[in-house]
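S.K.: Input start06.cif, format and content: mmCIF, C-alpha atoms.
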```
data_model
loop_
_atom_site.label_atom_id
_atom_site.label_comp_id
_atom_site.auth_asym_id
_atom_site.auth_seq_id
_atom_site.Cartn_x
_atom_site.Cartn_y
_atom_site.Cartn_z
CA MET A 163 26.75 -0.21 -38.06
CA ASN A 164 27.97 1.62 -34.93
CA ILE A 165 27.66 0.30 -31.37
CA VAL A 166 24.39 2.09 -30.53
CA GLU A 167 22.59 0.86 -33.66
CA SER A 168 23.90 -2.64 -32.98
CA VAL A 169 22.55 -2.55 -29.41
CA VAL A 170 19.13 -1.34 -30.59
CA THR A 171 19.01 -4.15 -33.18
CA GLN A 172 19.86 -6.73 -30.51
CA ILE A 173 17.17 -5.32 -28.20
CA GLN A 174 14.55 -5.51 -30.95
CA GLY A 175 15.52 -9.07 -31.82
CA LEU A 176 15.89 -10.49 -28.30
CA SER A 177 12.80 -9.36 -26.37
CA SER A 178 10.22 -12.02 -27.21
CA SER A 179 10.93 -14.94 -24.84
CA ALA A 180 12.51 -15.54 -21.42
CA THR A 181 15.50 -17.26 -23.06
CA ASP A 182 16.03 -14.35 -25.46
CA ILE A 183 15.77 -11.81 -22.63
CA ALA A 184 18.35 -13.70 -20.55
CA ALA A 185 20.72 -13.63 -23.55
CA LEU A 186 19.97 -9.94 -24.10
CA HIS A 187 20.75 -9.20 -20.44
CA THR A 188 24.19 -10.78 -20.80
CA TYR A 189 24.81 -8.77 -23.98
CA LEU A 190 23.65 -5.47 -22.41
CA LYS A 191 25.93 -5.89 -19.39
CA GLN A 192 28.87 -6.21 -21.75
CA ALA A 193 27.74 -3.18 -23.82
CA ASP A 194 26.90 -0.98 -20.83
CA GLU A 195 30.22 0.87 -20.73
CA SER A 196 30.04 1.62 -24.44
CA LEU A 197 26.50 2.96 -24.06
CA HIS A 198 27.64 5.37 -21.34
CA THR A 199 30.43 6.56 -23.63
CA GLU A 200 27.79 7.40 -26.27
CA SER A 201 25.32 8.87 -23.76
CA ALA A 202 25.00 12.25 -25.51
CA ARG A 203 23.47 10.73 -28.66
CA LEU A 204 21.29 7.98 -27.18
CA LEU A 205 17.98 9.77 -26.58
CA PRO A 206 16.62 9.64 -30.20
CA PHE A 207 17.14 5.85 -30.29
CA LEU A 208 14.47 5.38 -27.59
CA ASP A 209 11.88 6.18 -30.30
CA HIS A 210 12.81 2.87 -31.98
CA LEU A 211 11.87 0.87 -28.88
CA ASP A 212 8.57 0.05 -27.18
CA PRO A 213 8.94 0.19 -23.36
CA SER A 214 6.14 -2.36 -22.92
CA ILE A 215 8.00 -4.91 -25.11
CA HIS A 216 11.68 -3.93 -24.93
CA SER A 217 11.65 -2.99 -21.21
CA LEU A 218 15.12 -4.30 -20.34
CA GLY A 219 16.84 -2.72 -23.33
CA TYR A 220 14.92 0.53 -22.92
CA LEU A 221 16.08 0.63 -19.27
CA TYR A 222 19.76 0.26 -20.19
CA ILE A 223 19.62 3.02 -22.81
CA LEU A 224 17.56 5.35 -20.61
CA ASP A 225 19.99 4.82 -17.74
CA ALA A 226 22.99 5.61 -19.95
CA CYS A 227 21.53 8.71 -21.63
CA THR A 228 20.46 10.31 -18.32
CA SER A 229 23.63 9.53 -16.36
CA GLY A 230 25.06 13.05 -16.81
CA PRO A 231 23.87 16.43 -15.49
CA ILE A 232 20.33 17.38 -16.61
CA SER A 233 19.15 20.96 -17.05
CA GLU A 234 15.68 22.16 -16.12
CA GLU A 235 14.79 22.49 -19.83
CA GLN A 236 15.87 18.91 -20.54
CA ALA A 237 13.98 17.70 -17.47
CA LYS A 238 10.67 18.89 -18.94
CA THR A 239 11.08 16.41 -21.81
CA LEU A 240 12.73 13.61 -19.86
CA VAL A 241 10.05 13.53 -17.13
CA LEU A 242 7.48 12.45 -19.73
CA ILE A 243 9.82 9.78 -21.12
CA PHE A 244 10.56 8.46 -17.63
CA ALA A 245 6.89 8.38 -16.66
CA ARG A 246 5.88 6.55 -19.85
CA PHE A 247 8.61 3.95 -19.36
CA ILE A 248 7.88 3.35 -15.65
CA THR A 249 4.13 2.92 -16.14
CA SER A 250 4.38 0.64 -19.19
CA CYS A 251 7.51 -1.48 -18.54
CA VAL A 252 7.29 -5.21 -17.76
CA ALA A 253 8.09 -6.06 -14.14
CA GLU A 254 9.78 -9.38 -14.93
CA GLN A 255 12.25 -7.66 -17.27
CA ILE A 256 13.20 -4.66 -15.12
CA ARG A 257 13.77 -6.86 -12.06
CA LEU A 258 16.70 -8.44 -13.93
CA ALA A 259 18.45 -5.08 -13.58
CA SER A 260 16.78 -3.80 -10.42
CA ASP A 261 19.73 -1.54 -9.47
CA LYS A 262 19.46 0.31 -12.78
CA PHE A 263 15.68 0.58 -12.41
CA VAL A 264 16.07 2.09 -8.94
CA SER A 265 18.69 4.51 -10.25
CA VAL A 266 16.42 5.60 -13.13
CA CYS A 267 13.43 6.07 -10.79
CA LYS A 268 15.49 8.19 -8.39
CA ARG A 269 16.57 10.41 -11.30
CA PHE A 270 12.92 10.73 -12.28
CA LYS A 271 12.10 11.88 -8.73
CA ASP A 272 15.01 14.37 -8.81
CA GLN A 273 13.69 15.82 -12.07
CA VAL A 274 10.11 16.34 -10.88
CA MET A 275 11.62 18.01 -7.80
CA LEU A 276 13.76 20.20 -10.07
CA LEU A 277 10.58 21.24 -11.89
CA LYS A 278 8.85 21.82 -8.52
CA ALA A 279 6.09 19.43 -9.60
CA PRO A 280 6.13 16.51 -7.13
CA MET A 281 2.52 15.65 -8.01
CA GLN A 282 3.71 14.76 -11.51
CA GLY A 283 5.79 11.90 -10.13
CA VAL A 284 3.34 10.30 -7.67
CA ALA A 285 1.44 7.90 -9.99
CA ALA A 286 4.55 6.74 -11.85
CA MET A 287 6.52 6.19 -8.63
CA LEU A 288 3.70 4.12 -7.14
CA SER A 289 3.77 1.98 -10.29
CA ALA A 290 7.56 1.64 -9.90
CA VAL A 291 7.19 0.47 -6.28
CA ARG A 292 4.64 -2.18 -7.21
CA LYS A 293 6.73 -3.46 -10.13
CA LEU A 294 9.92 -3.68 -8.10
CA GLN A 295 8.24 -5.49 -5.18
CA SER A 296 8.55 -9.28 -5.15
CA SER A 297 5.50 -9.29 -2.84
CA SER A 298 3.41 -6.82 -0.82
CA ALA A 299 5.58 -7.71 2.23
CA HIS A 300 8.72 -6.42 0.46
CA LEU A 301 9.98 -2.92 1.33
CA THR A 302 11.94 -1.56 -1.63
CA THR A 303 14.39 1.32 -1.88
CA LEU A 304 11.71 3.21 -3.82
CA HIS A 305 9.13 3.23 -1.01
CA PRO A 306 10.70 6.26 0.76
CA GLU A 307 11.08 8.09 -2.57
CA PHE A 308 7.38 7.58 -3.31
CA LEU A 309 6.26 8.65 0.16
CA GLN A 310 8.43 11.79 -0.04
CA LEU A 311 6.70 12.80 -3.29
CA CYS A 312 3.31 12.16 -1.66
CA LEU A 313 4.26 14.36 1.30
CA LEU A 314 5.51 17.21 -0.86
CA SER A 315 2.44 17.11 -3.11
CA LYS A 316 0.08 16.51 -0.12
CA SER A 317 -1.22 13.35 -1.84
CA TYR A 318 -1.73 11.70 1.53
CA LYS A 319 -4.48 9.28 0.50
CA THR A 320 -2.36 7.89 -2.35
CA GLY A 321 0.56 7.39 0.01
CA LEU A 322 -1.58 5.56 2.57
CA SER A 323 -2.11 2.73 0.07
CA VAL A 324 1.42 1.38 0.65
CA LEU A 325 1.30 1.90 4.43
CA GLU A 326 -1.40 -0.75 4.83
CA ASP A 327 1.02 -3.54 3.80
CA ASP A 328 2.65 -5.66 6.51
CA ILE A 329 6.41 -5.45 5.83
CA PHE A 330 8.63 -8.50 6.43
CA GLU A 331 11.44 -8.02 3.88
CA VAL A 332 13.72 -4.95 3.89
CA ASP A 333 16.50 -4.26 1.36
CA GLN A 334 18.38 -1.65 3.43
CA PRO A 335 17.90 -0.49 7.06
CA ARG A 336 17.82 3.17 5.93
CA ASP A 337 14.81 2.37 3.74
CA LEU A 338 12.87 1.19 6.80
CA PHE A 339 13.78 4.30 8.80
CA LEU A 340 12.67 6.65 6.02
CA TYR A 341 9.56 4.60 5.14
CA CYS A 342 8.30 4.71 8.74
CA TYR A 343 9.30 8.36 9.23
CA TYR A 344 7.63 9.63 6.05
CA GLY A 345 4.69 7.31 6.66
CA GLY A 346 4.29 8.73 10.16
CA MET A 347 4.28 12.28 8.79
CA MET A 348 1.66 11.28 6.21
CA CYS A 349 -0.61 9.81 8.88
CA ILE A 350 -0.19 12.99 10.94
CA GLY A 351 -1.34 14.95 7.88
CA GLN A 352 -4.47 12.76 7.77
CA LYS A 353 -4.87 12.94 11.58
CA ARG A 354 -4.51 9.17 11.79
CA PHE A 355 -2.54 9.53 14.99
CA GLN A 356 -2.66 5.89 16.12
CA LYS A 357 -1.05 4.71 12.87
CA ALA A 358 1.44 7.60 13.02
CA LEU A 359 2.48 6.53 16.53
CA GLU A 360 2.99 2.95 15.34
CA LEU A 361 5.24 4.02 12.46
CA LEU A 362 7.27 6.55 14.48
CA HIS A 363 7.65 3.95 17.25
CA ASN A 364 9.17 1.59 14.66
CA VAL A 365 11.81 4.21 13.80
CA VAL A 366 12.70 4.90 17.42
CA THR A 367 12.95 1.22 18.41
CA ALA A 368 14.56 -0.14 15.22
CA PRO A 369 18.01 -1.75 15.61
CA MET A 370 20.81 0.83 15.30
CA SER A 371 24.45 0.72 16.33
CA SER A 372 24.63 4.51 16.62
CA ILE A 373 22.06 7.27 16.77
CA ASN A 374 20.93 8.77 13.44
CA ALA A 375 19.18 11.98 12.40
CA ILE A 376 16.04 10.18 11.19
CA ALA A 377 15.52 8.54 14.60
CA VAL A 378 16.02 11.88 16.39
CA GLU A 379 13.43 13.68 14.22
CA ALA A 380 11.04 10.73 14.57
CA TYR A 381 11.38 10.82 18.36
CA LYS A 382 10.47 14.52 18.45
CA LYS A 383 7.29 13.84 16.48
CA TYR A 384 6.62 10.70 18.53
CA ILE A 385 6.56 12.80 21.72
CA LEU A 386 4.19 15.36 20.19
CA VAL A 387 1.80 12.81 18.68
CA SER A 388 1.73 10.86 21.97
CA LEU A 389 0.59 14.02 23.76
CA ILE A 390 -2.03 14.83 21.11
CA HIS A 391 -3.46 11.32 20.82
CA GLN A 392 -2.93 9.82 24.27
CA GLY A 393 -2.55 12.88 26.49
CA GLN A 394 0.64 11.52 28.02
CA PHE A 395 4.19 10.47 27.21
CA SER A 396 6.67 8.13 28.87
CA THR A 397 10.40 8.71 28.39
CA SER A 398 11.24 5.03 29.00
CA LEU A 399 11.72 3.05 25.78
CA PRO A 400 10.85 -0.68 25.56
CA LYS A 401 13.59 -3.23 26.26
CA TYR A 402 13.89 -4.21 22.60
CA ALA A 403 14.98 -0.66 21.63
CA SER A 404 18.69 -0.39 20.89
CA SER A 405 21.06 0.73 23.64
CA ALA A 406 22.11 3.65 21.37
CA ALA A 407 18.50 4.91 21.31
CA GLN A 408 17.97 4.38 25.04
CA ARG A 409 21.14 6.30 25.91
CA ASN A 410 21.07 9.19 23.45
CA LEU A 411 17.63 10.07 22.11
CA LYS A 412 16.53 12.08 25.15
CA ASN A 413 19.67 14.23 25.00
CA PHE A 414 18.82 15.38 21.45
CA CYS A 415 15.17 16.11 22.26
CA GLN A 416 15.32 17.96 25.58
CA PRO A 417 12.90 20.80 24.65
CA TYR A 418 10.30 18.19 23.71
CA ILE A 419 10.81 16.23 26.95
CA GLU A 420 10.32 19.47 28.88
CA LEU A 421 7.17 20.19 26.84
CA ALA A 422 5.79 16.77 27.84
CA ASN A 423 6.64 17.48 31.51
CA SER A 424 4.83 20.80 31.33
CA TYR A 425 1.84 19.13 29.63
CA SER A 426 1.58 16.54 32.43
CA THR A 427 0.84 19.30 34.99
CA GLY A 428 -2.45 20.07 33.24
CA LYS A 429 -1.82 23.82 33.59
CA ILE A 430 -2.60 25.48 30.26
CA ALA A 431 -0.99 28.85 31.18
CA GLU A 432 2.28 27.15 32.11
CA LEU A 433 2.26 25.18 28.84
CA GLU A 434 1.54 28.29 26.76
CA THR A 435 4.45 30.11 28.42
CA TYR A 436 6.84 27.26 27.66
CA VAL A 437 5.69 27.07 24.02
CA GLN A 438 6.30 30.80 23.58
CA THR A 439 9.75 30.51 25.21
CA SER A 440 10.79 27.62 22.93
CA ARG A 441 8.88 28.74 19.84
CA GLU A 442 12.02 29.39 17.79
CA LYS A 443 13.31 25.84 18.41
CA PHE A 444 9.99 24.21 17.46
CA GLU A 445 9.75 26.41 14.36
CA SER A 446 13.27 25.53 13.18
CA ASP A 447 12.35 21.83 13.53
CA ASN A 448 9.19 22.41 11.44
CA ASN A 449 7.14 21.11 14.37
CA LEU A 450 5.36 24.30 15.43
CA GLY A 451 2.07 23.16 13.85
CA LEU A 452 2.16 19.95 15.89
CA VAL A 453 3.07 21.86 19.05
CA LYS A 454 -0.02 24.05 18.56
CA GLN A 455 -2.11 20.87 18.27
CA VAL A 456 -0.55 19.70 21.55
CA LEU A 457 -1.65 23.00 23.13
CA SER A 458 -5.17 22.57 21.78
CA SER A 459 -5.34 18.96 22.95
CA MET A 460 -4.74 19.98 26.57
CA TYR A 461 -8.21 21.56 26.67
CA LYS A 462 -9.64 18.22 25.54
CA ARG A 463 -7.66 16.26 28.14
CA ASN A 464 -8.84 18.59 30.90
CA ILE A 465 -12.45 18.19 29.76
CA GLN A 466 -12.00 14.39 29.68
CA ARG A 467 -10.76 14.51 33.28
CA LEU A 468 -14.00 16.24 34.27
CA THR A 469 -16.02 13.28 32.92
CA GLN A 470 -14.31 11.06 35.49
CA THR A 471 -15.46 13.29 38.37
CA TYR A 472 -18.81 14.81 37.41
CA LEU A 473 -22.10 13.54 35.96
CA THR A 474 -23.37 17.03 35.09
CA LEU A 475 -21.57 20.34 34.81
CA SER A 476 -22.45 23.77 33.42
CA LEU A 477 -20.65 25.16 30.39
CA GLN A 478 -19.57 28.10 32.54
CA ASP A 479 -17.95 25.75 35.07
CA ILE A 480 -16.22 23.84 32.27
CA ALA A 481 -14.88 27.12 30.82
CA ASN A 482 -13.60 28.22 34.24
CA THR A 483 -12.02 24.85 35.12
CA VAL A 484 -10.38 24.28 31.72
CA GLN A 485 -9.38 27.97 31.40
CA LEU A 486 -11.39 28.73 28.27
CA ASN A 487 -12.52 32.30 27.53
CA SER A 488 -16.28 31.74 27.50
CA PRO A 489 -19.09 29.15 27.87
CA LYS A 490 -19.56 29.35 24.07
CA GLU A 491 -15.96 28.27 23.53
CA ALA A 492 -16.46 25.43 26.03
CA GLU A 493 -19.57 24.35 24.11
CA MET A 494 -17.63 24.23 20.82
CA HIS A 495 -14.93 22.04 22.39
CA VAL A 496 -17.48 19.66 23.93
CA LEU A 497 -19.44 19.37 20.67
CA GLN A 498 -16.26 18.62 18.71
CA MET A 499 -15.23 15.96 21.24
CA ILE A 500 -18.70 14.34 21.07
CA GLN A 501 -18.48 14.33 17.26
CA ASP A 502 -15.01 12.73 17.38
CA GLY A 503 -16.20 10.07 19.85
CA GLU A 504 -13.76 11.28 22.53
CA ILE A 505 -16.49 11.75 25.14
CA TYR A 506 -20.15 10.79 25.43
CA ALA A 507 -22.37 13.64 26.57
CA THR A 508 -25.49 15.70 25.89
CA ILE A 509 -25.85 19.49 26.14
CA ASN A 510 -29.03 21.14 27.38
CA GLN A 511 -29.11 24.38 25.42
CA LYS A 512 -31.82 25.87 27.69
CA ASP A 513 -29.86 25.87 30.94
CA GLY A 514 -26.32 25.39 29.55
CA MET A 515 -25.75 22.10 31.37
CA VAL A 516 -23.64 19.21 30.09
CA ARG A 517 -24.53 15.66 31.09
CA PHE A 518 -21.74 13.11 30.76
CA LEU A 519 -22.75 9.58 29.68
CA GLU A 520 -21.24 6.09 29.68
CA ASP A 521 -19.78 4.56 26.48
CA PRO A 522 -22.85 3.21 24.61
CA GLU A 523 -20.85 0.49 22.80
CA GLN A 524 -22.04 -2.97 23.94
CA TYR A 525 -19.67 -4.90 21.61
CA LYS A 526 -22.48 -7.06 20.25
CA THR A 527 -23.44 -5.38 16.97
CA CYS A 528 -22.77 -7.12 13.63
CA GLU A 529 -20.23 -4.46 12.69
CA MET A 530 -18.29 -4.87 15.94
CA ILE A 531 -18.29 -8.68 15.71
CA LYS A 532 -17.07 -8.43 12.12
CA HIS A 533 -14.30 -6.03 13.21
CA ILE A 534 -13.20 -8.32 16.07
CA ASP A 535 -13.20 -11.36 13.79
CA SER A 536 -11.13 -9.49 11.19
CA SER A 537 -8.58 -8.55 13.87
CA ILE A 538 -8.35 -12.15 15.10
CA GLN A 539 -7.81 -13.44 11.55
CA ARG A 540 -5.06 -10.87 10.99
CA MET A 541 -3.33 -11.84 14.23
CA MET A 542 -3.45 -15.52 13.26
CA GLU A 543 -1.93 -14.75 9.87
CA LEU A 544 0.75 -12.62 11.50
CA SER A 545 1.54 -15.42 13.95
CA LYS A 546 2.04 -17.88 11.08
CA LYS A 547 4.40 -15.48 9.31
CA LEU A 548 6.43 -14.88 12.46
CA THR A 549 6.72 -18.64 13.07
CA THR A 550 7.96 -19.13 9.49
CA MET A 551 10.49 -16.30 9.87
CA ASP A 552 11.70 -17.73 13.17
CA GLU A 553 12.26 -21.14 11.57
CA LEU A 554 14.17 -19.57 8.65
CA MET A 555 16.33 -17.49 10.99
CA SER A 556 17.17 -20.50 13.16
CA CYS A 557 18.67 -22.17 10.06
CA ASP A 558 20.50 -19.09 8.77
CA PRO A 559 24.31 -19.66 8.78
CA LEU A 560 25.09 -16.01 9.64
CA TYR A 561 22.70 -16.05 12.59
CA LEU A 562 24.01 -19.40 13.84
CA ALA A 563 27.61 -18.16 13.64
CA LYS A 564 26.75 -15.01 15.64
CA ALA A 565 24.71 -17.01 18.16
CA GLY A 566 27.67 -19.38 18.57
CA ARG A 567 30.01 -16.47 19.33
CA GLU A 568 27.53 -15.03 21.83
CA ARG A 569 27.15 -18.40 23.56
CA GLN A 570 30.88 -18.58 24.27
CA ARG A 571 30.50 -15.56 26.56
CA PHE A 572 28.38 -17.60 28.98
CA ASP A 573 29.20 -20.56 31.22
CA PHE A 574 27.72 -23.88 30.27
CA ASP A 575 25.96 -23.85 33.65
CA ASP A 576 23.72 -21.09 32.25
CA PHE A 577 22.10 -23.55 29.84
CA ASP A 578 19.78 -26.45 30.57
CA THR A 579 21.47 -29.81 30.33
CA VAL A 580 20.38 -32.21 27.58
CA PRO A 581 17.92 -34.83 28.92
CA GLN A 582 19.53 -38.25 29.36
CA LYS A 583 17.30 -39.98 26.83
CA PHE A 584 18.64 -37.70 24.04
CA ASN A 585 22.27 -38.37 24.78
CA ILE A 586 24.11 -40.11 21.98
#
```
Let me see the file written as structure tokens.
M.R.:
Amino acid sequence: MNIVESVVTQIQGLSSSATDIAALHTYLKQADESLHTESARLLPFLDHLDPSIHSLGYLYILDACTSGPISEEQAKTLVLIFARFITSCVAEQIRLASDKFVSVCKRFKDQVMLLKAPMQGVAAMLSAVRKLQSSSAHLTTLHPEFLQLCLLSKSYKTGLSVLEDDIFEVDQPRDLFLYCYYGGMMCIGQKRFQKALELLHNVVTAPMSSINAIAVEAYKKYILVSLIHQGQFSTSLPKYASSAAQRNLKNFCQPYIELANSYSTGKIAELETYVQTSREKFESDNNLGLVKQVLSSMYKRNIQRLTQTYLTLSLQDIANTVQLNSPKEAEMHVLQMIQDGEIYATINQKDGMVRFLEDPEQYKTCEMIKHIDSSIQRMMELSKKLTTMDELMSCDPLYLAKAGRERQRFDFDDFDTVPQKFNI
């Protein structure tokens, strides 16, 4: 019996109980190098294993037999094998060799990309994310891979399912950057601009010792989405943003800062001229679509400003003030804004007059009370989690060592003295 047949026999015999699987894991780690040596002849042996029973062993063999270069023709067959394994494997088994599982899933993503069929990998990769997670608060290395497939296949709604989770555990900092960046792009695709701003803000303000390309691209989109959703942008970052971000981000995004400055004037002709001048730059950054939405949003902002000054106004006056081509075009903008809940108004079709109204929300309907209560409950839960994390961090040896080094930089006079009754 050669080494491969021996490994398959061991996998079949040691996959029934937790004790057996632990013993099998030890055996497979020792046999791993031999399996890679035999990688060219491993694929047929997968037919002797059931991925829903022999998950750990199946993972080791699949990892070994796909470790070399894979042609497009081979990928067509392997994609189906990968997908079947990922969707049917047992989470408790694959977590014993999580590095191998991540490696296999990334190869699966590479193969669906090679076949130009990202949609084919979405369902399986979502299953992989859920199986690798220890809890819904855990951000895995596979989250960005899954979101990238969703973006490329335009499966935005599927991708949004993982963006609703509150993340408290991160394996690698890069995973968080990519998760928030891809998530922000996905929310932009769904026009969920408030959520997109939140995610892009997380990228820009995340701890970083030096500036990185993901943060720069996120900042560009953060500027554009701020203009679209809020009608304004501030270049000052919050105090908790890293010094690297505060010093350098603006330098890499100057055309976007200038766009925001032009937008703040409220002059549509000036903004259009600047967009045309910098069109090539925006296009090379793949942000031209967003820039066009910024341009369109200026009409809305100018109409919103009118609601603060006038109670009634003709469509012709709105068109003239906002620099639209005709009263009909002004009517279309006003109707769209009423539909989106951006303004409250009525249009008299007979005389072409628009009457601006107050916000009708009285905050006393059952739906609103339920929404407020849900938000309060979520904040309370979040507060509990933050308190727990704070307590854990205050006992962490690495944190205490760093805090001790930082404290030596200050004089003892900077700290409150210990009350007399606590002196020993």
S.K.: Take CA of Ser536 in chain A and CA of Leu322 in chain A and report the distance between them in Å, one decimal.
M.R.: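 Value for the CA of Ser536 in chain A-CA of Leu322 in chain A distance: 19.8 Å.
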S.K.: Figure out the distance between CA of Ser289 in chain A and CA of Gln310 in chain A, please, to one decimal in Å.
M.R.: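 Answer for the CA of Gln310 in chain A to CA of Ser289 in chain A separation: 14.9 Å.
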S.K.: Once the PyMOL selection byres ((chain A and resi 206) around 12) has been evaluated on this model, what residues remain selected, and can you format them as an mmCIF file with C-alpha atoms, in the frame of the given file?
M.R.:
```cif
data_model
loop_
_atom_site.group_PDB
_atom_site.id
_atom_site.type_symbol
_atom_site.label_atom_id
_atom_site.label_comp_id
_atom_site.auth_asym_id
_atom_site.auth_seq_id
_atom_site.Cartn_x
_atom_site.Cartn_y
_atom_site.Cartn_z
ATOM 1 C CA VAL A 166 24.390 2.090 -30.530
ATOM 2 C CA GLU A 167 22.590 0.860 -33.660
ATOM 3 C CA VAL A 170 19.130 -1.340 -30.590
ATOM 4 C CA SER A 201 25.320 8.870 -23.760
ATOM 5 C CA ALA A 202 25.000 12.250 -25.510
ATOM 6 C CA ARG A 203 23.470 10.730 -28.660
ATOM 7 C CA LEU A 204 21.290 7.980 -27.180
ATOM 8 C CA LEU A 205 17.980 9.770 -26.580
ATOM 9 C CA PHE A 207 17.140 5.850 -30.290
ATOM 10 C CA LEU A 208 14.470 5.380 -27.590
ATOM 11 C CA ASP A 209 11.880 6.180 -30.300
ATOM 12 C CA HIS A 210 12.810 2.870 -31.980
ATOM 13 C CA LEU A 211 11.870 0.870 -28.880
ATOM 14 C CA TYR A 220 14.920 0.530 -22.920
ATOM 15 C CA ILE A 223 19.620 3.020 -22.810
ATOM 16 C CA LEU A 224 17.560 5.350 -20.610
ATOM 17 C CA CYS A 227 21.530 8.710 -21.630
ATOM 18 C CA LEU A 240 12.730 13.610 -19.860
ATOM 19 C CA ILE A 243 9.820 9.780 -21.120
#
```
S.K.: Which residues fall under the PyMOL selection byres ((chain A and resi 377-391) around 9) in this file, as a VMD selection string?
M.R.: chain A and resid 339 342 to 343 346 to 347 350 355 to 356 358 to 359 362 to 363 365 to 368 373 to 376 392 to 397 407 411 to 412 414 to 415 418 to 419 421 to 422 425 447 449 452 to 453 455 to 460
S.K.: Taking the file as shown, what set of residues would the PyMOL selection byres ((chain A and resi 478-492) around 8) give back, as a ChimeraX atom specification?
M.R.: /A:430,461,464-465,475-477,493-496,514
S.K.: Determine, counting all atoms listed in the file, which protein, DNA and RNA residues have an atom within 12 Å of an atom of Val324 in chain A; residues of the same chain fewer than 6 positions away are not included. Present the result as a list in words.
M.R.: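 Final neighbour list, sorted by chain and number: Met287, Leu288, Ser289, Val291, Arg292, Gln295, Ser297, Ser298, Ala299, His300, Leu301, Thr302, Leu304, His305, Pro306, Phe308, Leu309, Cys312, Tyr318, Tyr341, Cys342, Tyr344, Gly345, Met348 and Cys349 of chain A.
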S.K.: Between CA of Lys564 in chain A and CA of Ser372 in chain A, what is the spacing in Å?
M.R.: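 CA of Lys564 in chain A lies at a distance of 19.7 Å from CA of Ser372 in chain A.
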S.K.: Between A:Lys454, A:Met281, A:Ala226, A:Gln174, which one has atoms that come closest to Ala193 in chain A, using only C-alpha atoms?
M.R.: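 So, comparing all the options, the nearest one is A:Ala226.
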S.K.: From the set A:Lys278, A:Lys293, A:His216, A:Lys532, which residue has the shortest atom-to-atom contact distance to Ala253 in chain A, counting only C-alpha atoms?
M.R.: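 For Ala253 in chain A, the nearest of the given residues is A:Lys293.
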S.K.: Would you kindly return, as a PyMOL selection string, each protein, DNA or RNA residue with an atom no farther than 10 Å from any atom of range 503-506 of chain A, considering only C-alpha atoms and excluding same-chain residues fewer than 5 positions away?
M.R.: chain A and resi 462-463+465-466+469+496-498+517-522
S.K.: Restrict the selected residues to C-alpha atoms and save them as an mmCIF file, in the coordinates of the input.
M.R.:
```
data_model
loop_
_atom_site.group_PDB
_atom_site.id
_atom_site.type_symbol
_atom_site.label_atom_id
_atom_site.label_comp_id
_atom_site.auth_asym_id
_atom_site.auth_seq_id
_atom_site.Cartn_x
_atom_site.Cartn_y
_atom_site.Cartn_z
ATOM 1 C CA LYS A 462 -9.640 18.220 25.540
ATOM 2 C CA ARG A 463 -7.660 16.260 28.140
ATOM 3 C CA ILE A 465 -12.450 18.190 29.760
ATOM 4 C CA GLN A 466 -12.000 14.390 29.680
ATOM 5 C CA THR A 469 -16.020 13.280 32.920
ATOM 6 C CA VAL A 496 -17.480 19.660 23.930
ATOM 7 C CA LEU A 497 -19.440 19.370 20.670
ATOM 8 C CA GLN A 498 -16.260 18.620 18.710
ATOM 9 C CA ARG A 517 -24.530 15.660 31.090
ATOM 10 C CA PHE A 518 -21.740 13.110 30.760
ATOM 11 C CA LEU A 519 -22.750 9.580 29.680
ATOM 12 C CA GLU A 520 -21.240 6.090 29.680
ATOM 13 C CA ASP A 521 -19.780 4.560 26.480
ATOM 14 C CA PRO A 522 -22.850 3.210 24.610
#
```
S.K.: Let me have the centre and edge lengths in Å, one decimal, of the box along x, y and z around every listed atom of range 544-555 of chain A with 5 Å of margin on each side, as lines of an AutoDock Vina configuration file.
M.R.:
```
center_x = 8.5
center_y = -16.9
center_z = 11.3
size_x = 25.6
size_y = 18.5
size_z = 15.3
```
